[in-house]
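Q: Please find one structure pasted underneath; my questions will follow.
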Amino acid sequence: MLSQTFRLKRMKDFEILFKEGRFVAGRIVNAKIWKIEPEKYPKRGYQDTDLKVGFVASVKHEKRAVARNRVKRQMRESVRLLVKDNKIKKGNFIAFLSTPAVFSATTAEISQDIELVLKKARLYI
RNA sequence: ACACGAUUCUGGAUAAUCGCCCCUACGGGAGGAAAGUCCGAACUCCUCUUGAUAUUAUGUCAAGAACACGGGUAGUGGAUAACAUCCAUCCAUGCGGUCGCGAGAUCGUAUGCGGGACAGUGCCACAGAGACAAUACUACUCUGAAUCCUCGUGAUUCAGGGGAAAGGUGAAAAGAGUGUGGAGGUAUUGAUAGGUUCAGCAUAUGCGCCGUAUCAAUGCUACCACACUACAUCUGUCGCAAGACAGUAUGGCGGUAAACCCUACCUGGAGAAAGAACAGCGUUUCCCCAUUUCGGGAUUCGAAAAGUUAGUUCGUGUAUGAUCCUGCUAGUAAUAGUAGGACAAGAUAAAUGAUUAUCACCCGGCGCAAGCUGGGAACAAAAUUCGGCUUAUAGGAAUCGUGUGAAA
RNA sequence: UCGGGGAUCGUCUAAUGGUAGGACUACAGGUUCUGGUCCUGUGUAUCGGGGUUCGAGUCCCUGUCCCCGAG
């Protein structure tokens with residue numbers, strides 16, 4: 001499970017990410033990515049070396065809470081393994097978004113697709 | 001043995017690696033429904049009433065929720081902190097078996113928002129004469145009057161009565177029902193006698209037609225008699241009660257209250273985003289300072305943007321607990337009392353995960369077997385706490401019931 | 001964690017407990033040289049399940065889905 005220091009939690013952070021960030025599509029997982037610009041929001045206390053990752057599972061894609069929570073946990077596990085090996089470029093906000101297909105995928109498939117998305121975004125080292 | 005149904009219980013185990021949340025540490029870490037949010041309670045604040053007290057125009061403490069409006073519950077007795085829940089029981093209804101000619105009785109099982117229709121009001125479409133102390137339309141019948149002619153106790157019309165055994169409508173028809181008999185009525189059928197005006201066929205007459213008379217059979221039936229069955233009331237016995245049983249007793253004015261309503265009982269309101277502490281934000285107006293962008297003659301002026309905004313701790317996980325486990329006692333039971341033991345998640349973009357192995361379970365394939373191999377494993381995840389209800393649910397276990405087959 | 005409201009033809013919307021109506025759309029026919037307009041006709045619905053009632057879109061219970069609000 002991913003440590004709290006790498007988690008995106010604040011409502012305001014999500015608002016900034018979805019307003020400023022760019023969209024990257026994968027096969028079963030999409031992403032919203034924003035390169036942190038500390039001088040634009042000086043009072044938030046952002047730093048260039050921060051890495052914050054959030055996870056979204058939409059109610060419109062899957063109604064059951066059990067399935068949504070499970071997908072979020074699977075995505076977190078995949079990201080944790082990447083962060084552990086320092087595979088993700090620092091200084092970014094990332095939010096991974098669900099698609100309808102992700103709810104029938106296995107953990108290995110989700111992990112592969114997250115790597116694919118990060119490579120497309122040129123954040124994979 | 002198999003299949004189906006009902007009820008109750010269960011809702012995979014162990015280990016390794018890498019992680020997450022709580023915790024000083026040791027250690028601990030989803031459910032029977034955590035779900036839906038349909039009820040109830042704890043807890044907190046607010047409102048009102050009464051009393052006490054301090055002081056002063058309000059505060060504190062205690063007890064409570066009257067009146068009104070609204071909402072809820074509804075056989076009886078009990079359980080509970082409380083409930084629309086639970087237990088026991090009564091009654092009614094459905095289904096099945098047995099008994100009875102029948103109305104019905106009885107046994108088993110299931111279901112039931114199961115008070116009141118002599119307090120009042122409303123509604124009962126269409127159809128039908130009439131839909132609730134009703135109606136008199138038609139058939140039938142009596143009286144009177146008028147008109148007509150073939151002048152007869154004829155026909156027609158009108159008025160006023162009588163008449164509920166006929167009309168055939170409807171879910172329901174004026175209101176207990178069933179059986180047997182009586183004396184009638186009525187319908188149908190048959191036989192005999194009679195008629196031949198009218199339709200028809202052959203045509204001396206017969207078939208047929210008419211339905212006048214008698215007889216017989218069958219069906220329905222207001223009324224009367226007897227017997228029986230159910231219901232209500234009364235009296236007696238039994239039961240805490242709802243009610244049950246008995247009687248040569250008495251009686252007979254539809255349905256609907258999940259229509260308004262009446263009766264009895266319960267209920268003050270809002271909810272953890274409750275609420276407490278720290279911080280003192282946001283909104284509106286004015287002033288000042290700093291940043292970015294744009295414009296312009298411009299160390300300045302104007303315009304725009306951005307910077308702040310669901311913060312932190314407690315409440316919140318408890319051992320002074322409506323807690324859990326085991327035993328005993330009381331009780332038919334729900335449950336209560338008592339003795340001993342246990343301490344069992346606590347997050348807030350929200351922990352309880354991912355991968356692998358072995359065992360156990362289910363299905364398929366290969367195999368005599370041992371076994372090998374491939375696949376499957378439901379419904380669904382705490383959000384202040386607890387008691388219920390409702391809905392979802394693979395596989396397994398126990399008990400009971402029904403059906404089929406086999407054996408005795 | 002709570003509180004409100006709703007669901008009727010393909011779409012929008014009516015209906016004191018008594019035949020589910022209207023508009024647009026669709027289809028067919030007519031009018032026209034053809035299309036449109038216009039006229040006529042036809043088809044199509046009460047969210048699922050249970051109950052009360054002679055009878056339920058309406059009343060009661062229960063589920064499903066949708067929308068709105070909350071210092």
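Residue numbering restarts at 1 for every chain of the structure tokens, chains are lettered A, B, ... in their displayed order, and ligands are numbered from 1 as they appear.
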Contacts from chain B to chain A, 12 Å maximum, only C-alpha atoms (C1' of nucleotides): show me the residue list as a PyMOL selection string.
A: chain B and resi 18-21+30+34-35+291-292+305-311+348-355+379-381
Q: Name all residues at most 10 Å from Asp50 in chain A (count only C-alpha atoms (C1' of nucleotides); drop same-chain ones fewer than 6 positions away) and give them as an MDAnalysis selection string.
A: chainID A and resid 5:6 35:36 89:93
Q: Suppose we keep N, CA and C atoms; can you now write the selection as a PDB file, in the first residue's frame?
A:
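Result file selection19.pdb:
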```pdb
ATOM      1  N   THR A   5       2.812   9.894   2.259  1.00  0.00           N
ATOM      2  CA  THR A   5       3.551  11.058   1.751  1.00  0.00           C
ATOM      3  C   THR A   5       3.389  11.233   0.261  1.00  0.00           C
ATOM      4  N   PHE A   6       3.045  10.139  -0.464  1.00  0.00           N
ATOM      5  CA  PHE A   6       2.895  10.236  -1.913  1.00  0.00           C
ATOM      6  C   PHE A   6       1.433  10.344  -2.346  1.00  0.00           C
ATOM      7  N   LYS A  35       2.565  19.189 -14.085  1.00  0.00           N
ATOM      8  CA  LYS A  35       3.913  19.473 -13.580  1.00  0.00           C
ATOM      9  C   LYS A  35       3.820  20.628 -12.601  1.00  0.00           C
ATOM     10  N   ILE A  36       4.340  20.396 -11.401  1.00  0.00           N
ATOM     11  CA  ILE A  36       4.149  21.377 -10.330  1.00  0.00           C
ATOM     12  C   ILE A  36       4.867  22.672 -10.647  1.00  0.00           C
ATOM     13  N   LYS A  89       9.157  10.058 -12.403  1.00  0.00           N
ATOM     14  CA  LYS A  89       9.834  11.351 -12.310  1.00  0.00           C
ATOM     15  C   LYS A  89       9.145  12.201 -11.245  1.00  0.00           C
ATOM     16  N   LYS A  90       9.951  12.855 -10.404  1.00  0.00           N
ATOM     17  CA  LYS A  90       9.385  13.640  -9.308  1.00  0.00           C
ATOM     18  C   LYS A  90       8.874  14.982  -9.825  1.00  0.00           C
ATOM     19  N   GLY A  91       8.123  15.709  -8.992  1.00  0.00           N
ATOM     20  CA  GLY A  91       7.672  17.051  -9.343  1.00  0.00           C
ATOM     21  C   GLY A  91       6.392  17.061 -10.133  1.00  0.00           C
ATOM     22  N   ASN A  92       5.511  16.094  -9.857  1.00  0.00           N
ATOM     23  CA  ASN A  92       4.266  16.026 -10.614  1.00  0.00           C
ATOM     24  C   ASN A  92       3.095  15.661  -9.707  1.00  0.00           C
ATOM     25  N   PHE A  93       1.930  16.142 -10.104  1.00  0.00           N
ATOM     26  CA  PHE A  93       0.670  15.630  -9.561  1.00  0.00           C
ATOM     27  C   PHE A  93       0.098  14.667 -10.595  1.00  0.00           C
TER      28      PHE A  93
END
```
Q: With only C-alpha atoms (C1' of nucleotides) as the counted atoms, please give the residues lying no more than 12 Å from U356 in chain B, apart from itself and same-chain residues fewer than 4 positions off, as a list in words.
A: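 Result of the neighbour search: A15, A16, U17 and C18 of chain B.
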Q: Keeping only N, CA and C atoms (P, O5', C5', C4', C3', O3' and C1' of nucleotides), write the selected residues as a PDB file, in the first residue's frame.
A:
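Output saved as result30.pdb:
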```pdb
ATOM      1  P     A B  15      -0.371 -19.243  10.427  1.00  0.00           P
ATOM      2  O5'   A B  15       0.755 -19.336   9.292  1.00  0.00           O
ATOM      3  C5'   A B  15       1.836 -20.237   9.445  1.00  0.00           C
ATOM      4  C4'   A B  15       2.643 -20.351   8.165  1.00  0.00           C
ATOM      5  C3'   A B  15       3.296 -19.070   7.656  1.00  0.00           C
ATOM      6  O3'   A B  15       4.476 -18.737   8.369  1.00  0.00           O
ATOM      7  C1'   A B  15       2.295 -20.226   5.853  1.00  0.00           C
ATOM      8  P     A B  16       4.952 -17.169   8.457  1.00  0.00           P
ATOM      9  O5'   A B  16       5.587 -16.925   7.012  1.00  0.00           O
ATOM     10  C5'   A B  16       6.766 -17.645   6.631  1.00  0.00           C
ATOM     11  C4'   A B  16       7.085 -17.385   5.179  1.00  0.00           C
ATOM     12  C3'   A B  16       7.285 -15.916   4.798  1.00  0.00           C
ATOM     13  O3'   A B  16       8.573 -15.443   5.127  1.00  0.00           O
ATOM     14  C1'   A B  16       5.893 -16.982   3.204  1.00  0.00           C
ATOM     15  P     U B  17       8.779 -13.899   5.633  1.00  0.00           P
ATOM     16  O5'   U B  17       8.756 -13.087   4.272  1.00  0.00           O
ATOM     17  C5'   U B  17       9.746 -13.329   3.272  1.00  0.00           C
ATOM     18  C4'   U B  17       9.387 -12.629   1.975  1.00  0.00           C
ATOM     19  C3'   U B  17       9.044 -11.151   2.101  1.00  0.00           C
ATOM     20  O3'   U B  17      10.198 -10.326   2.179  1.00  0.00           O
ATOM     21  C1'   U B  17       7.429 -12.216   0.730  1.00  0.00           C
ATOM     22  P     C B  18      10.179  -8.996   3.091  1.00  0.00           P
ATOM     23  O5'   C B  18       9.314  -7.985   2.215  1.00  0.00           O
ATOM     24  C5'   C B  18       9.767  -7.606   0.916  1.00  0.00           C
ATOM     25  C4'   C B  18       8.677  -6.885   0.155  1.00  0.00           C
ATOM     26  C3'   C B  18       8.041  -5.702   0.867  1.00  0.00           C
ATOM     27  O3'   C B  18       8.841  -4.536   0.814  1.00  0.00           O
ATOM     28  C1'   C B  18       6.351  -7.031  -0.126  1.00  0.00           C
TER      29        C B  18
END
```
Q: When you draw a straight line from C1' of A257 in chain B to C1' of A74 in chain B, how long is it in Å?
A: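 Taking C1' of A257 in chain B as the start and C1' of A74 in chain B as the end point, the length is 12.8 Å.
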Q: Could you check how far C1' of G168 in chain B sits from C1' of G184 in chain B, in Å to one decimal?
A: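 Computing it gives 25.2 Å between the two atoms.
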Q: Please tabulate, as a tab-separated table, the residues of chain C that come within 12 Å of range 267-273 of chain B, each with its closest pair of atoms and the distance in Å to one decimal, counting only C-alpha atoms (C1' of nucleotides) and ordering rows by chain, then residue number upward.
A:
```
residue	atom	partner	partner_atom	distance
C:U1	C1'	B:A272	C1'	7.4
C:C2	C1'	B:G271	C1'	7.8
C:G3	C1'	B:G271	C1'	10.2
C:A70	C1'	B:A273	C1'	7.5
C:G71	C1'	B:A273	C1'	5.9
```
Q: Skip Arg27 in chain A itself and residues of its chain fewer than 6 positions away, then list as a PyMOL selection string all residues within 9 Å of it, counting only C-alpha atoms (C1' of nucleotides).
A: chain A and resi 99+101+113+116-117
Q: Need the shell around range 38-40 of chain C: protein/DNA/RNA residues with any atom at most 8 Å away, counting only C-alpha atoms (C1' of nucleotides). Skip same-chain ones fewer than 2 positions apart. Format as a VMD selection string?
A: chain C and resid 29 to 31
Q: Show which residues sit within 8 Å of range 17-27 of chain C, as a ChimeraX atom specification. Count only C-alpha atoms (C1' of nucleotides), and ignore same-chain residues fewer than 2 positions away.
A: /B:125 /C:10-12,14-15,42-43,46,55-58
Q: Restricted to C-alpha atoms (C1' of nucleotides), what would the selected residues look like written as a compact mmCIF listing (two decimals), in the first residue's frame?
A:
```txt
# COMPACT_ATOMS: atom_id res chain seq x y z
C1' A B 125 -69.09 2.91 -12.06
C1' G C 10 -40.33 6.93 -28.76
C1' U C 11 -40.62 12.47 -26.24
C1' C C 12 -43.61 16.12 -23.30
C1' A C 14 -53.50 14.88 -18.32
C1' A C 15 -56.74 11.54 -15.59
C1' U C 42 -53.65 3.26 -37.36
C1' G C 43 -50.02 1.76 -33.71
C1' U C 46 -49.16 3.34 -15.91
C1' G C 55 -62.79 -3.13 -9.39
C1' A C 56 -56.08 0.04 -8.35
C1' G C 57 -52.28 4.66 -12.65
C1' U C 58 -54.70 6.38 -7.97
```
